[in-house]
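Engineer: File run.tsv below, TSV, C-alpha atoms:
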```tsv
chain	number	residue	atom	x	y	z
A	263	MET	CA	-26.51	-6.16	-22.92
A	264	LEU	CA	-25.47	-4.88	-19.51
A	265	SER	CA	-28.02	-4.49	-16.76
A	266	LYS	CA	-28.03	-1.54	-14.35
A	267	ASN	CA	-27.00	-3.87	-11.53
A	268	GLN	CA	-24.02	-5.17	-13.53
A	269	ILE	CA	-22.89	-1.63	-14.33
A	270	LYS	CA	-23.28	-0.64	-10.68
A	271	LEU	CA	-21.33	-3.66	-9.41
A	272	ILE	CA	-18.45	-3.39	-11.86
A	273	SER	CA	-18.14	0.38	-11.37
A	274	SER	CA	-18.08	-0.11	-7.59
A	275	LEU	CA	-15.02	-2.36	-7.91
A	276	GLN	CA	-12.92	0.73	-8.53
A	277	GLN	CA	-13.11	1.21	-4.75
A	278	LYS	CA	-11.20	-1.05	-2.36
A	279	LYS	CA	-14.07	-1.48	0.10
A	280	HIS	CA	-16.35	-2.83	-2.63
A	281	ARG	CA	-13.65	-5.08	-4.07
A	282	PHE	CA	-13.21	-6.77	-0.72
A	283	ALA	CA	-16.89	-6.81	0.15
A	284	ASN	CA	-17.57	-8.70	-3.09
A	285	GLN	CA	-14.18	-10.45	-3.30
A	286	LEU	CA	-13.94	-9.33	-6.92
A	287	PHE	CA	-11.65	-7.16	-9.06
A	288	PHE	CA	-11.48	-6.36	-12.75
A	289	ALA	CA	-8.85	-6.19	-15.45
A	290	GLU	CA	-8.90	-4.48	-18.84
A	291	GLY	CA	-7.19	-5.23	-22.14
A	292	VAL	CA	-6.60	-8.42	-24.13
A	293	LYS	CA	-3.01	-9.01	-22.90
A	294	VAL	CA	-3.77	-8.65	-19.19
A	295	ILE	CA	-6.97	-10.70	-19.37
A	296	GLN	CA	-5.29	-13.49	-21.33
A	297	GLU	CA	-2.53	-13.71	-18.72
A	298	LEU	CA	-5.03	-13.91	-15.87
A	299	VAL	CA	-7.28	-16.42	-17.64
A	300	LYS	CA	-4.41	-18.88	-18.15
A	301	SER	CA	-3.26	-18.46	-14.54
A	302	ASN	CA	-4.94	-19.58	-11.33
A	303	PHE	CA	-7.28	-16.57	-11.18
A	304	GLU	CA	-10.94	-17.54	-11.36
A	305	LEU	CA	-12.85	-15.72	-14.08
A	306	GLU	CA	-16.25	-14.45	-12.98
A	307	HIS	CA	-17.28	-12.92	-16.32
A	308	LEU	CA	-15.82	-11.38	-19.46
A	309	TYR	CA	-17.33	-8.36	-21.24
A	310	THR	CA	-15.99	-7.68	-24.72
A	311	THR	CA	-16.86	-5.66	-27.79
A	312	MET	CA	-15.17	-8.22	-30.07
A	313	PRO	CA	-16.05	-11.85	-30.90
A	314	ASP	CA	-12.77	-13.09	-29.41
A	315	PHE	CA	-11.64	-15.23	-26.44
A	316	ASP	CA	-12.90	-18.47	-27.98
A	317	GLU	CA	-11.52	-20.38	-24.98
A	318	ILE	CA	-14.01	-18.69	-22.62
A	319	PRO	CA	-17.29	-20.61	-22.12
A	320	VAL	CA	-20.34	-18.88	-23.60
A	321	GLY	CA	-21.95	-18.61	-20.17
A	322	LYS	CA	-19.04	-16.52	-18.88
A	323	LYS	CA	-18.82	-14.11	-21.82
A	324	THR	CA	-21.04	-11.24	-22.92
A	325	ILE	CA	-20.67	-9.20	-26.10
A	326	ILE	CA	-21.30	-5.53	-25.30
A	327	SER	CA	-21.22	-2.24	-27.19
A	328	GLU	CA	-18.45	0.36	-26.95
A	329	GLY	CA	-20.91	2.61	-25.16
A	330	GLU	CA	-21.52	-0.04	-22.51
A	331	LEU	CA	-17.79	-0.62	-22.11
A	332	ASN	CA	-17.34	3.12	-21.51
A	333	LYS	CA	-19.78	2.89	-18.60
A	334	ILE	CA	-17.77	0.24	-16.74
A	335	SER	CA	-14.19	1.03	-17.76
A	336	ALA	CA	-11.70	2.77	-15.48
A	337	LEU	CA	-9.64	3.90	-18.48
A	338	ALA	CA	-9.88	7.29	-20.16
A	339	THR	CA	-9.72	5.43	-23.48
A	340	PRO	CA	-11.27	2.00	-22.92
A	341	ASN	CA	-9.80	-1.10	-24.53
A	342	THR	CA	-12.00	-3.71	-26.18
A	343	CYS	CA	-12.64	-5.88	-23.13
A	344	LEU	CA	-13.02	-5.99	-19.37
A	345	ALA	CA	-13.05	-9.10	-17.20
A	346	VAL	CA	-14.15	-9.58	-13.61
A	347	PHE	CA	-12.16	-12.06	-11.52
A	348	ARG	CA	-12.45	-13.44	-8.01
A	349	ILE	CA	-9.82	-12.23	-5.53
A	350	PRO	CA	-7.75	-15.31	-4.65
A	351	LEU	CA	-6.68	-16.28	-1.15
A	352	GLU	CA	-3.18	-15.16	-0.26
A	353	LYS	CA	-0.59	-17.91	-0.60
A	354	LYS	CA	2.04	-18.80	1.97
A	355	ILE	CA	4.99	-16.39	2.04
A	356	LEU	CA	8.07	-17.66	0.23
A	357	ASP	CA	10.79	-16.88	2.78
A	358	SER	CA	13.86	-17.67	0.69
A	359	GLY	CA	15.52	-16.22	-2.35
A	360	LEU	CA	15.38	-12.52	-3.14
A	361	ILE	CA	12.36	-10.72	-1.68
A	362	VAL	CA	11.18	-7.16	-2.33
A	363	ALA	CA	9.38	-5.43	0.56
A	364	LEU	CA	7.41	-2.22	-0.03
A	365	ASP	CA	6.95	0.26	2.80
A	366	SER	CA	3.81	2.36	2.17
A	367	ILE	CA	4.01	2.65	-1.61
A	368	ARG	CA	0.97	4.75	-2.52
A	369	ASP	CA	1.08	5.26	-6.28
A	370	PRO	CA	-0.73	2.51	-8.24
A	371	GLY	CA	1.56	2.92	-11.23
A	372	ASN	CA	4.64	2.44	-9.06
A	373	LEU	CA	3.27	-0.72	-7.45
A	374	GLY	CA	2.23	-2.19	-10.80
A	375	THR	CA	5.63	-1.42	-12.32
A	376	ILE	CA	7.51	-2.88	-9.35
A	377	LEU	CA	5.47	-6.07	-9.55
A	378	ARG	CA	6.28	-6.29	-13.25
A	379	LEU	CA	9.97	-5.77	-12.45
A	380	CYS	CA	9.85	-8.59	-9.91
A	381	ASP	CA	8.46	-10.84	-12.64
A	382	TRP	CA	11.16	-9.70	-15.09
A	383	PHE	CA	14.05	-10.33	-12.69
A	384	GLY	CA	12.70	-13.59	-11.30
A	385	VAL	CA	11.72	-12.31	-7.86
A	386	LYS	CA	8.92	-14.62	-6.76
A	387	GLN	CA	7.87	-12.87	-3.52
A	388	LEU	CA	6.67	-9.29	-3.03
A	389	LEU	CA	5.78	-8.18	0.51
A	390	CYS	CA	3.64	-5.08	1.01
A	391	SER	CA	2.99	-3.12	4.17
A	392	LYS	CA	-0.69	-2.80	4.98
A	393	GLU	CA	-0.43	0.91	4.05
A	394	THR	CA	0.65	0.09	0.50
A	395	VAL	CA	-1.90	0.62	-2.28
A	396	ASP	CA	-4.14	-2.38	-2.99
A	397	ILE	CA	-2.74	-4.77	-5.58
A	398	PHE	CA	-6.23	-5.20	-7.07
A	399	ASN	CA	-6.67	-1.49	-7.73
A	400	PRO	CA	-7.55	-1.29	-11.48
A	401	LYS	CA	-4.57	1.00	-12.16
A	402	VAL	CA	-2.21	-1.44	-10.45
A	403	VAL	CA	-3.62	-4.42	-12.35
A	404	GLN	CA	-3.26	-2.49	-15.61
A	405	ALA	CA	0.35	-1.51	-14.88
A	406	THR	CA	1.39	-5.10	-14.13
A	407	MET	CA	0.54	-6.16	-17.72
A	408	GLY	CA	-0.24	-9.66	-16.44
A	409	SER	CA	2.68	-10.07	-14.06
A	410	ILE	CA	0.21	-10.05	-11.17
A	411	ALA	CA	-0.42	-13.70	-12.13
A	412	ARG	CA	3.22	-14.74	-11.64
A	413	VAL	CA	4.44	-13.04	-8.44
A	414	ASN	CA	3.35	-14.01	-4.94
A	415	VAL	CA	2.06	-10.87	-3.15
A	416	ASN	CA	1.30	-10.68	0.57
A	417	TYR	CA	0.13	-7.76	2.72
A	418	ILE	CA	1.66	-8.09	6.17
A	419	ASP	CA	3.06	-6.28	9.20
A	420	LEU	CA	6.51	-5.66	7.72
A	421	ASN	CA	8.06	-4.69	11.06
A	422	ALA	CA	7.01	-7.97	12.68
A	423	PHE	CA	8.14	-10.08	9.71
A	424	ILE	CA	11.51	-8.42	9.19
A	425	SER	CA	12.33	-8.39	12.92
A	426	LYS	CA	12.14	-12.21	12.86
A	427	THR	CA	13.68	-13.04	9.49
A	428	LYS	CA	17.02	-14.80	9.17
A	429	LEU	CA	17.62	-13.30	5.74
A	430	PRO	CA	19.95	-10.30	5.32
A	431	VAL	CA	17.96	-7.06	5.16
A	432	PHE	CA	18.86	-4.28	2.71
A	433	GLY	CA	17.39	-0.80	2.61
A	434	THR	CA	17.70	1.99	0.06
A	435	PHE	CA	18.90	5.39	1.29
A	436	MET	CA	20.51	8.50	-0.17
A	437	ASP	CA	23.44	8.14	2.27
A	438	GLY	CA	23.97	4.37	1.89
A	439	ASP	CA	26.95	2.53	0.43
A	440	THR	CA	27.05	2.49	-3.35
A	441	ILE	CA	25.36	-0.63	-4.68
A	442	TYR	CA	28.07	-0.99	-7.32
A	443	LYS	CA	30.76	-1.68	-4.68
A	444	THR	CA	28.72	-3.75	-2.22
A	445	ASP	CA	28.66	-7.54	-1.95
A	446	LEU	CA	25.17	-8.68	-2.89
A	447	PRO	CA	23.95	-12.18	-1.94
A	448	GLN	CA	21.47	-14.38	-3.77
A	449	ASP	CA	19.07	-14.37	-0.82
A	450	GLY	CA	17.85	-11.31	1.05
A	451	ILE	CA	15.11	-8.76	1.60
A	452	ILE	CA	15.25	-5.42	-0.20
A	453	ILE	CA	13.10	-2.70	1.39
A	454	MET	CA	11.86	0.10	-0.85
A	455	GLY	CA	10.39	3.12	0.90
A	456	ASN	CA	7.47	5.48	0.46
A	457	GLU	CA	7.62	7.90	-2.50
A	458	ALA	CA	7.76	11.01	-0.29
A	459	ASN	CA	9.19	9.84	3.03
A	460	GLY	CA	11.36	6.84	2.23
A	461	ILE	CA	11.68	3.95	4.66
A	462	SER	CA	9.93	4.46	8.01
A	463	ALA	CA	12.06	4.92	11.14
A	464	GLU	CA	10.88	1.62	12.61
A	465	LEU	CA	11.96	-0.36	9.55
A	466	GLU	CA	15.16	1.64	9.17
A	467	ASP	CA	16.29	0.31	12.55
A	468	LEU	CA	15.96	-3.24	11.19
A	469	VAL	CA	18.04	-2.63	8.06
A	470	GLN	CA	21.40	-4.40	8.19
A	471	LYS	CA	22.93	-2.92	5.05
A	472	ARG	CA	22.18	0.55	3.67
A	473	LEU	CA	22.39	0.78	-0.11
A	474	ALA	CA	22.50	3.82	-2.38
A	475	ILE	CA	22.40	4.40	-6.12
A	476	PRO	CA	25.09	7.04	-6.74
A	477	ARG	CA	24.46	10.11	-8.86
A	478	PHE	CA	26.77	10.52	-11.84
A	479	GLY	CA	25.60	13.90	-13.13
A	480	ASP	CA	28.00	16.85	-12.93
A	481	LEU	CA	25.67	19.07	-10.89
A	482	GLN	CA	24.58	16.38	-8.40
A	483	GLU	CA	21.34	18.26	-7.80
A	484	THR	CA	18.73	15.59	-8.56
A	485	GLU	CA	16.90	15.04	-5.28
A	486	SER	CA	15.93	11.39	-5.72
A	487	LEU	CA	14.87	8.64	-8.10
A	488	ASN	CA	11.33	7.42	-8.64
A	489	VAL	CA	10.88	4.32	-6.46
A	490	ALA	CA	10.04	2.06	-9.41
A	491	THR	CA	13.13	3.29	-11.30
A	492	ALA	CA	15.28	2.69	-8.22
A	493	THR	CA	13.84	-0.81	-7.86
A	494	ALA	CA	14.75	-1.58	-11.48
A	495	ILE	CA	18.37	-0.53	-10.94
A	496	ILE	CA	18.73	-2.44	-7.68
A	497	LEU	CA	17.16	-5.66	-8.97
A	498	SER	CA	19.29	-5.44	-12.11
A	499	GLU	CA	22.45	-5.19	-10.00
A	500	PHE	CA	21.47	-8.06	-7.68
A	501	SER	CA	20.68	-10.20	-10.73
A	502	ARG	CA	23.89	-9.26	-12.54
A	503	ARG	CA	26.03	-10.29	-9.56
A	504	ASN	CA	24.29	-13.62	-9.08
```
Would you write the structure of this file as structure tokens?

Structural biologist:
Amino acid sequence: MLSKNQIKLISSLQQKKHRFANQLFFAEGVKVIQELVKSNFELEHLYTTMPDFDEIPVGKKTIISEGELNKISALATPNTCLAVFRIPLEKKILDSGLIVALDSIRDPGNLGTILRLCDWFGVKQLLCSKETVDIFNPKVVQATMGSIARVNVNYIDLNAFISKTKLPVFGTFMDGDTIYKTDLPQDGIIIMGNEANGISAELEDLVQKRLAIPRFGDLQETESLNVATATAIILSEFSRRN
């Protein structure tokens, strides 16, 4: 049975300030929780409506009712389980290979999908500007479907980092060179911009190669692609070439 204090704490973790004050976040759903449990994330406690997760010690697992799960879930239709984890310390930035850098991505679904794409295409490092939505936002965690456990994510001053990097820097723009006719290396940084405003002027000045995904429709009237969709196309093309 859940206490009022447990309900209050878990519910508060939907807000960034409380996540960082307590150094905790939560995940929902069997798939996501299983991925996090077998990774290096430290489980604080599991709440489930089913007698499952036999690998979890009894002291870290509580069977609750569907009604109790509804009180702590961030989902409109709650799953069967919710687990609270400790927020890990950020690891050292991997400054080689292909790196994705996000400039002020605000939509949790976009960030979660991009992180999942990085996992799919073997990108081990994701860099986020400090204005980008928190990776431990419940909607982001849900959208990653467990990939949050396999990609190194760091929140940094992107301008400072990219101004000093020795890697080639790519940016995505409507007026860039078509990605299908551009030489694409194995190593480099790909900057993806904000959903509404694109890449900031400061970062744009640091871009060495401007890339574009050409439109093939007859009318050529589509204004832009969703940033997660664009990331999928770009990572697919980099991977295909290398």

Engineer: Quote the spacing between atom CA of A:Glu485 and atom CA of A:Gln404 in Å to one decimal place.

Structural biologist: 28.6 Å

Engineer: With distances taken over all atoms listed in the file, which residue among A:Ala463, A:Leu373, A:Leu351, A:Ile496 lies nearest A:Asn399?

Structural biologist: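 Going through A:Ala463, A:Leu373, A:Leu351, A:Ile496 one by one, the smallest distance to A:Asn399 is for A:Leu373.
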
Engineer: For A:Asp445, which residue out of A:Asn504, A:Asn302, A:Ser498, A:Ser391 is the nearest one, using all atoms listed in the file?

Structural biologist: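 Going through A:Asn504, A:Asn302, A:Ser498, A:Ser391 one by one, the smallest distance to A:Asp445 is for A:Asn504.
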
Engineer: Using all atoms listed in the file, can you tell me which of A:His280, A:Met263, A:Leu420, A:Leu337 comes closest to A:Ile325?

Structural biologist: A:Met263

Engineer: Give me, please, the distance in Å between atom CA of A:Gln448 and atom CA of A:Gly371, quoted to one decimal.

Structural biologist: 27.4 Å

Engineer: Between atom CA of A:Ile461 and atom CA of A:Gly433, measure the distance and give it in Å to one decimal.

Structural biologist: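 Those two atoms sit 7.7 Å apart.
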
Engineer: What lies within 7 Å of stretch 266-279 of chain A using all atoms listed in the file, ignoring chain neighbours under 4 positions off, as number ranges by chain?

Structural biologist: A: 283, 287, 333-334, 399-400

Engineer: Looking at A:Leu377, A:Lys471, A:Leu364, A:Glu290, which one is nearest to A:Lys392, with distances taken over all atoms listed in the file?

Structural biologist: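 When distances to A:Lys392 are compared using all atoms listed in the file, the smallest one comes from A:Leu364.
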
Engineer: Tell me which protein, DNA and RNA residues are within 12 Å of A:Asp357, counting all atoms listed in the file, leaving out same-chain ones fewer than 2 positions away, and put them as a compact mmCIF listing (two decimals) with C-alpha atoms, keeping the file's coordinate frame.

Structural biologist:
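Below is the file that was written, out.txt:
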```
# COMPACT_ATOMS: atom_id res chain seq x y z
CA LYS A 353 -0.59 -17.91 -0.60
CA LYS A 354 2.04 -18.80 1.97
CA ILE A 355 4.99 -16.39 2.04
CA GLY A 359 15.52 -16.22 -2.35
CA LEU A 360 15.38 -12.52 -3.14
CA ILE A 361 12.36 -10.72 -1.68
CA VAL A 362 11.18 -7.16 -2.33
CA ALA A 363 9.38 -5.43 0.56
CA VAL A 385 11.72 -12.31 -7.86
CA LYS A 386 8.92 -14.62 -6.76
CA GLN A 387 7.87 -12.87 -3.52
CA LEU A 388 6.67 -9.29 -3.03
CA LEU A 389 5.78 -8.18 0.51
CA ASN A 414 3.35 -14.01 -4.94
CA ASN A 416 1.30 -10.68 0.57
CA PHE A 423 8.14 -10.08 9.71
CA ILE A 424 11.51 -8.42 9.19
CA LYS A 426 12.14 -12.21 12.86
CA THR A 427 13.68 -13.04 9.49
CA LYS A 428 17.02 -14.80 9.17
CA LEU A 429 17.62 -13.30 5.74
CA PRO A 430 19.95 -10.30 5.32
CA ASP A 449 19.07 -14.37 -0.82
CA GLY A 450 17.85 -11.31 1.05
CA ILE A 451 15.11 -8.76 1.60
```

Engineer: Starting from the point (-20.4, -7.5, -30.7), work out which residues of protein, DNA or RNA have an atom no more than 9 Å away when counting all atoms listed in the file; state them as a ChimeraX atom specification.

Structural biologist: /A:310-313,324-328

Engineer: Let me see the file: selected residues, C-alpha atoms, as a PDB file, in the frame of the given file.

Structural biologist:
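out-v7.pdb written:
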```
ATOM      1  CA  THR A 310     -15.990  -7.680 -24.720  1.00  0.00           C
ATOM      2  CA  THR A 311     -16.860  -5.660 -27.790  1.00  0.00           C
ATOM      3  CA  MET A 312     -15.170  -8.220 -30.070  1.00  0.00           C
ATOM      4  CA  PRO A 313     -16.050 -11.850 -30.900  1.00  0.00           C
ATOM      5  CA  THR A 324     -21.040 -11.240 -22.920  1.00  0.00           C
ATOM      6  CA  ILE A 325     -20.670  -9.200 -26.100  1.00  0.00           C
ATOM      7  CA  ILE A 326     -21.300  -5.530 -25.300  1.00  0.00           C
ATOM      8  CA  SER A 327     -21.220  -2.240 -27.190  1.00  0.00           C
ATOM      9  CA  GLU A 328     -18.450   0.360 -26.950  1.00  0.00           C
TER      10      GLU A 328
END
```

Engineer: Find the residues near A:Ile475: any atom within 10 Å, counting only C-alpha atoms, skip ones fewer than 3 places away on the same chain, and give them as a PyMOL selection string.

Structural biologist: chain A and resi 434-442+478+486-487+492+495-496

Engineer: Using C-alpha atoms, can you write the selected residues to a file as a short mmCIF file (atom, residue, chain, number, x, y, z; two decimals), keeping the file's coordinate frame?

Structural biologist:
```
data_model
loop_
_atom_site.label_atom_id
_atom_site.label_comp_id
_atom_site.auth_asym_id
_atom_site.auth_seq_id
_atom_site.Cartn_x
_atom_site.Cartn_y
_atom_site.Cartn_z
CA THR A 434 17.70 1.99 0.06
CA PHE A 435 18.90 5.39 1.29
CA MET A 436 20.51 8.50 -0.17
CA ASP A 437 23.44 8.14 2.27
CA GLY A 438 23.97 4.37 1.89
CA ASP A 439 26.95 2.53 0.43
CA THR A 440 27.05 2.49 -3.35
CA ILE A 441 25.36 -0.63 -4.68
CA TYR A 442 28.07 -0.99 -7.32
CA PHE A 478 26.77 10.52 -11.84
CA SER A 486 15.93 11.39 -5.72
CA LEU A 487 14.87 8.64 -8.10
CA ALA A 492 15.28 2.69 -8.22
CA ILE A 495 18.37 -0.53 -10.94
CA ILE A 496 18.73 -2.44 -7.68
#
```

Engineer: List the neighbours of A:Val292 out to 12 Å using all atoms listed in the file; skip same-chain residues closer than 6 positions along the sequence, and give me the result as a list in words.

Structural biologist: Leu298, Val299, Leu308, Tyr309, Thr310, Thr311, Met312, Asp314, Phe315, Pro340, Asn341, Thr342, Cys343, Leu344, Ala345, Gln404, Met407 and Gly408 of chain A

Engineer: Which one is closest to A:Phe432: A:Val469, A:Gly455, A:Gly384, A:Leu379? Count all atoms listed in the file.

Structural biologist: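 Among A:Val469, A:Gly455, A:Gly384, A:Leu379, it is A:Val469 that comes nearest to A:Phe432.
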
Engineer: Could you tell me which of A:Asn332, A:Ser409, A:Thr375, A:Gln470 comes closest to A:Ile295 if we count all atoms listed in the file?

Structural biologist: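 Selected residue with least distance to A:Ile295: A:Ser409.
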
Engineer: For A:Lys322, find every residue with an atom within 8 Å (counting all atoms listed in the file), except residues of its own chain fewer than 6 positions away, and show them as a list in words.

Structural biologist: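 Contacts, in chain order: Leu305, Glu306, His307 and Leu308 of chain A.
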
Engineer: Add whatever atoms are absent from stretch 427-437 of chain A to reach all heavy atoms, and provide the output as a PDB file, in the frame of the given file.

Structural biologist:
```pdb
ATOM      1  N   THR A 427      13.073 -12.337  10.606  1.00  0.00           N
ATOM      2  CA  THR A 427      13.680 -13.040   9.490  1.00  0.00           C
ATOM      3  C   THR A 427      15.149 -13.352   9.728  1.00  0.00           C
ATOM      4  O   THR A 427      15.841 -12.629  10.452  1.00  0.00           O
ATOM      5  CB  THR A 427      13.537 -12.226   8.181  1.00  0.00           C
ATOM      6  OG1 THR A 427      14.009 -13.028   7.087  1.00  0.00           O
ATOM      7  CG2 THR A 427      14.357 -10.940   8.240  1.00  0.00           C
ATOM      8  N   LYS A 428      15.608 -14.429   9.105  1.00  0.00           N
ATOM      9  CA  LYS A 428      17.020 -14.800   9.170  1.00  0.00           C
ATOM     10  C   LYS A 428      17.755 -14.347   7.904  1.00  0.00           C
ATOM     11  O   LYS A 428      18.973 -14.522   7.798  1.00  0.00           O
ATOM     12  CB  LYS A 428      17.158 -16.305   9.353  1.00  0.00           C
ATOM     13  CG  LYS A 428      16.602 -16.802  10.693  1.00  0.00           C
ATOM     14  CD  LYS A 428      16.760 -18.305  10.837  1.00  0.00           C
ATOM     15  CE  LYS A 428      16.182 -18.776  12.178  1.00  0.00           C
ATOM     16  NZ  LYS A 428      16.304 -20.259  12.340  1.00  0.00           N
ATOM     17  N   LEU A 429      17.011 -13.788   6.972  1.00  0.00           N
ATOM     18  CA  LEU A 429      17.620 -13.300   5.740  1.00  0.00           C
ATOM     19  C   LEU A 429      18.300 -11.952   5.971  1.00  0.00           C
ATOM     20  O   LEU A 429      17.862 -11.167   6.823  1.00  0.00           O
ATOM     21  CB  LEU A 429      16.554 -13.139   4.655  1.00  0.00           C
ATOM     22  CG  LEU A 429      15.891 -14.415   4.136  1.00  0.00           C
ATOM     23  CD1 LEU A 429      14.706 -14.056   3.239  1.00  0.00           C
ATOM     24  CD2 LEU A 429      16.888 -15.272   3.377  1.00  0.00           C
ATOM     25  N   PRO A 430      19.359 -11.642   5.224  1.00  0.00           N
ATOM     26  CA  PRO A 430      19.950 -10.300   5.320  1.00  0.00           C
ATOM     27  C   PRO A 430      18.957  -9.255   4.819  1.00  0.00           C
ATOM     28  O   PRO A 430      18.215  -9.504   3.865  1.00  0.00           O
ATOM     29  CB  PRO A 430      21.184 -10.388   4.412  1.00  0.00           C
ATOM     30  CG  PRO A 430      20.914 -11.535   3.489  1.00  0.00           C
ATOM     31  CD  PRO A 430      20.078 -12.507   4.254  1.00  0.00           C
ATOM     32  N   VAL A 431      18.943  -8.106   5.474  1.00  0.00           N
ATOM     33  CA  VAL A 431      17.960  -7.060   5.160  1.00  0.00           C
ATOM     34  C   VAL A 431      18.669  -5.832   4.595  1.00  0.00           C
ATOM     35  O   VAL A 431      19.534  -5.249   5.256  1.00  0.00           O
ATOM     36  CB  VAL A 431      17.145  -6.675   6.409  1.00  0.00           C
ATOM     37  CG1 VAL A 431      16.125  -5.592   6.049  1.00  0.00           C
ATOM     38  CG2 VAL A 431      16.449  -7.900   6.993  1.00  0.00           C
ATOM     39  N   PHE A 432      18.289  -5.443   3.381  1.00  0.00           N
ATOM     40  CA  PHE A 432      18.860  -4.280   2.710  1.00  0.00           C
ATOM     41  C   PHE A 432      17.809  -3.172   2.641  1.00  0.00           C
ATOM     42  O   PHE A 432      16.624  -3.436   2.477  1.00  0.00           O
ATOM     43  CB  PHE A 432      19.306  -4.634   1.291  1.00  0.00           C
ATOM     44  CG  PHE A 432      20.385  -5.676   1.219  1.00  0.00           C
ATOM     45  CD1 PHE A 432      20.065  -7.026   1.248  1.00  0.00           C
ATOM     46  CD2 PHE A 432      21.715  -5.309   1.135  1.00  0.00           C
ATOM     47  CE1 PHE A 432      21.053  -7.998   1.197  1.00  0.00           C
ATOM     48  CE2 PHE A 432      22.714  -6.269   1.079  1.00  0.00           C
ATOM     49  CZ  PHE A 432      22.385  -7.619   1.116  1.00  0.00           C
ATOM     50  N   GLY A 433      18.270  -1.945   2.762  1.00  0.00           N
ATOM     51  CA  GLY A 433      17.390  -0.800   2.610  1.00  0.00           C
ATOM     52  C   GLY A 433      18.015   0.205   1.674  1.00  0.00           C
ATOM     53  O   GLY A 433      19.244   0.259   1.525  1.00  0.00           O
ATOM     54  N   THR A 434      17.200   1.003   1.017  1.00  0.00           N
ATOM     55  CA  THR A 434      17.700   1.990   0.060  1.00  0.00           C
ATOM     56  C   THR A 434      17.629   3.383   0.670  1.00  0.00           C
ATOM     57  O   THR A 434      16.579   3.835   1.105  1.00  0.00           O
ATOM     58  CB  THR A 434      16.883   1.938  -1.237  1.00  0.00           C
ATOM     59  OG1 THR A 434      15.479   1.988  -0.903  1.00  0.00           O
ATOM     60  CG2 THR A 434      17.150   0.637  -1.987  1.00  0.00           C
ATOM     61  N   PHE A 435      18.783   4.064   0.684  1.00  0.00           N
ATOM     62  CA  PHE A 435      18.900   5.390   1.290  1.00  0.00           C
ATOM     63  C   PHE A 435      19.817   6.270   0.445  1.00  0.00           C
ATOM     64  O   PHE A 435      20.689   5.773  -0.275  1.00  0.00           O
ATOM     65  CB  PHE A 435      19.485   5.286   2.709  1.00  0.00           C
ATOM     66  CG  PHE A 435      18.696   4.421   3.648  1.00  0.00           C
ATOM     67  CD1 PHE A 435      18.957   3.063   3.741  1.00  0.00           C
ATOM     68  CD2 PHE A 435      17.694   4.967   4.431  1.00  0.00           C
ATOM     69  CE1 PHE A 435      18.224   2.258   4.607  1.00  0.00           C
ATOM     70  CE2 PHE A 435      16.950   4.174   5.298  1.00  0.00           C
ATOM     71  CZ  PHE A 435      17.220   2.818   5.379  1.00  0.00           C
ATOM     72  N   MET A 436      19.642   7.571   0.557  1.00  0.00           N
ATOM     73  CA  MET A 436      20.510   8.500  -0.170  1.00  0.00           C
ATOM     74  C   MET A 436      21.944   8.446   0.365  1.00  0.00           C
ATOM     75  O   MET A 436      22.896   8.688  -0.370  1.00  0.00           O
ATOM     76  CB  MET A 436      19.957   9.922  -0.055  1.00  0.00           C
ATOM     77  CG  MET A 436      18.631  10.144  -0.771  1.00  0.00           C
ATOM     78  SD  MET A 436      18.745   9.899  -2.568  1.00  0.00           S
ATOM     79  CE  MET A 436      19.779  11.280  -3.038  1.00  0.00           C
ATOM     80  N   ASP A 437      22.109   8.126   1.655  1.00  0.00           N
ATOM     81  CA  ASP A 437      23.440   8.140   2.270  1.00  0.00           C
ATOM     82  C   ASP A 437      24.014   6.737   2.456  1.00  0.00           C
ATOM     83  O   ASP A 437      24.947   6.536   3.237  1.00  0.00           O
ATOM     84  CB  ASP A 437      23.404   8.856   3.613  1.00  0.00           C
ATOM     85  CG  ASP A 437      22.487   8.155   4.626  1.00  0.00           C
ATOM     86  OD1 ASP A 437      21.765   7.223   4.233  1.00  0.00           O
ATOM     87  OD2 ASP A 437      22.505   8.555   5.812  1.00  0.00           O
TER      88      ASP A 437
END
```
